[in-house]
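Read through the structure below, which is laid out as structure tokens, and then see the notes.
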Amino acid sequence: MGLTFGSGDYENGIVVTVRGGWDTDCNGATVGSILGAKFGAGSLPDKWIGVLSDRLMSVVRDCNDNRISELADRTHRLARRMMEPSEDEDEAGPVVETAEVELRGKWALNVSFGKQVLTVNDDWSGQLEMTAFGEIAKVRNIRVERNKVSFVYGVNKGEMVMDIEFQGTIKGDRLTGLCSSNGHEFEMSGVRI
């Protein structure tokens, strides 16, 4: 409710949330965080932040006097670093152990939101063409063990790339399995072309 009433007004969103009762500290903080991220630090009412003088006092040893702006900058830097693929992941080559199947080649894939084409080259580099989005994603961390296959690819979500991990099996010229990301799963199947 606070997000609805606060869609245009940071202060109104928090006030409506807290007046709703129940778990007012957590709910107010959550709505405040979301609206703060939406509107930016410049929209925070001075009567609420001015009294803090950019300080956060704590009883945590060696961290008892902090600048809020410094903590926000550190959090922002850490979040940006977490959104970038690590150099180790990009450099990781394929792992092929006792493979009973051949993944290299082209695959026409079906997922709930459209068709895709997976290409795994002879050197085990790969790409996934997401025709529904008009994007091509690099496929990395390719792994084949017996008839089990896994790989990771990224989907562009505005200012960040969301990694999706595929785990499945190959039977003849058919590939089936599940993709997962952030607790969400969807089926993916395909045929060699």
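Chain lettering (A, B, ...) mirrors the order of the structure tokens, residue numbering begins at 1 for each chain separately, and ligand numbering begins at 1 in order of display.
Using only C-alpha atoms, the residues found no farther than 9 Å from A:Glu84, other than those of its own chain fewer than 4 positions away, are A:Ala79, A:Arg80, A:Met160, A:Val161.
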Worksheet item: Which residues come within 6 Å of A:Arg55, counting only C-alpha atoms, excluding same-chain residues fewer than 6 positions away, as a ChimeraX atom specification?
Response: /A:66-68
Go ahead and save the picked residues with N, CA and C atoms, as a short mmCIF file (atom, residue, chain, number, x, y, z; two decimals), in the first residue's frame.
```cif
data_model
loop_
_atom_site.label_atom_id
_atom_site.label_comp_id
_atom_site.auth_asym_id
_atom_site.auth_seq_id
_atom_site.Cartn_x
_atom_site.Cartn_y
_atom_site.Cartn_z
N ASN A 66 30.03 5.59 11.73
CA ASN A 66 30.12 5.49 10.28
C ASN A 66 29.43 6.67 9.61
N ARG A 67 29.88 6.98 8.42
CA ARG A 67 29.20 7.98 7.60
C ARG A 67 28.23 7.22 6.69
N ILE A 68 26.97 7.62 6.69
CA ILE A 68 25.94 6.95 5.89
C ILE A 68 26.30 7.02 4.41
#
```
Worksheet item: atom CA of A:Lys47 and atom CA of A:Leu78 are how many Å apart?
Response: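 About the pair atom CA of A:Lys47 and atom CA of A:Leu78: they are 29.0 Å apart.
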Worksheet entry | Residues near stretch 111-128 of chain A, cut-off 8 Å, only C-alpha atoms, skip fewer than 4 positions along chain, as a PyMOL selection string | chain A and resi 93-94+103-107+132+136-140+142+153+186-189
Item to complete: Write out as a VMD selection string each polymer residue whose atoms come within 8 Å of A:Arg174, counting only C-alpha atoms; drop sequence neighbours fewer than 5 positions from it.
Response: chain A and resid 189 to 192
Discussion item. Give me, as a list of chain:residue names, all polymer residues having an atom no more than 10 Å from A:Glu102, counting only C-alpha atoms and skipping those fewer than 6 positions away in the same chain.
Written reply: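 In the requested form, the answer reads A:Val120, A:Val144, A:Arg146, A:Asn147, A:Val149, A:Ile170, A:Lys171, A:Gly172, A:Asp173.
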Mind dumping the selected residues with N, CA and C atoms as a JSON list (two decimals), in the first residue's frame?
```json
[["chain", "number", "residue", "atom", "x", "y", "z"],
["A", 120, "VAL", "N", 27.42, -24.39, -30.29],
["A", 120, "VAL", "CA", 28.64, -24.75, -29.57],
["A", 120, "VAL", "C", 29.67, -25.10, -30.63],
["A", 144, "VAL", "N", 30.21, -31.18, -19.91],
["A", 144, "VAL", "CA", 29.59, -32.39, -20.44],
["A", 144, "VAL", "C", 30.17, -33.57, -19.66],
["A", 146, "ARG", "N", 29.24, -37.70, -19.31],
["A", 146, "ARG", "CA", 28.40, -38.78, -19.83],
["A", 146, "ARG", "C", 27.33, -38.17, -20.73],
["A", 147, "ASN", "N", 26.04, -38.23, -20.37],
["A", 147, "ASN", "CA", 25.01, -37.60, -21.20],
["A", 147, "ASN", "C", 24.44, -36.34, -20.55],
["A", 149, "VAL", "N", 24.62, -32.37, -19.43],
["A", 149, "VAL", "CA", 25.16, -31.14, -20.00],
["A", 149, "VAL", "C", 24.77, -29.97, -19.11],
["A", 170, "ILE", "N", 21.31, -35.06, -22.93],
["A", 170, "ILE", "CA", 21.18, -35.27, -24.37],
["A", 170, "ILE", "C", 20.87, -36.75, -24.59],
["A", 171, "LYS", "N", 19.83, -36.99, -25.38],
["A", 171, "LYS", "CA", 19.49, -38.35, -25.80],
["A", 171, "LYS", "C", 19.36, -38.29, -27.31],
["A", 172, "GLY", "N", 20.34, -38.87, -28.00],
["A", 172, "GLY", "CA", 20.35, -38.81, -29.46],
["A", 172, "GLY", "C", 20.52, -37.37, -29.91],
["A", 173, "ASP", "N", 19.56, -36.87, -30.67],
["A", 173, "ASP", "CA", 19.61, -35.49, -31.14],
["A", 173, "ASP", "C", 18.64, -34.59, -30.37]]
```
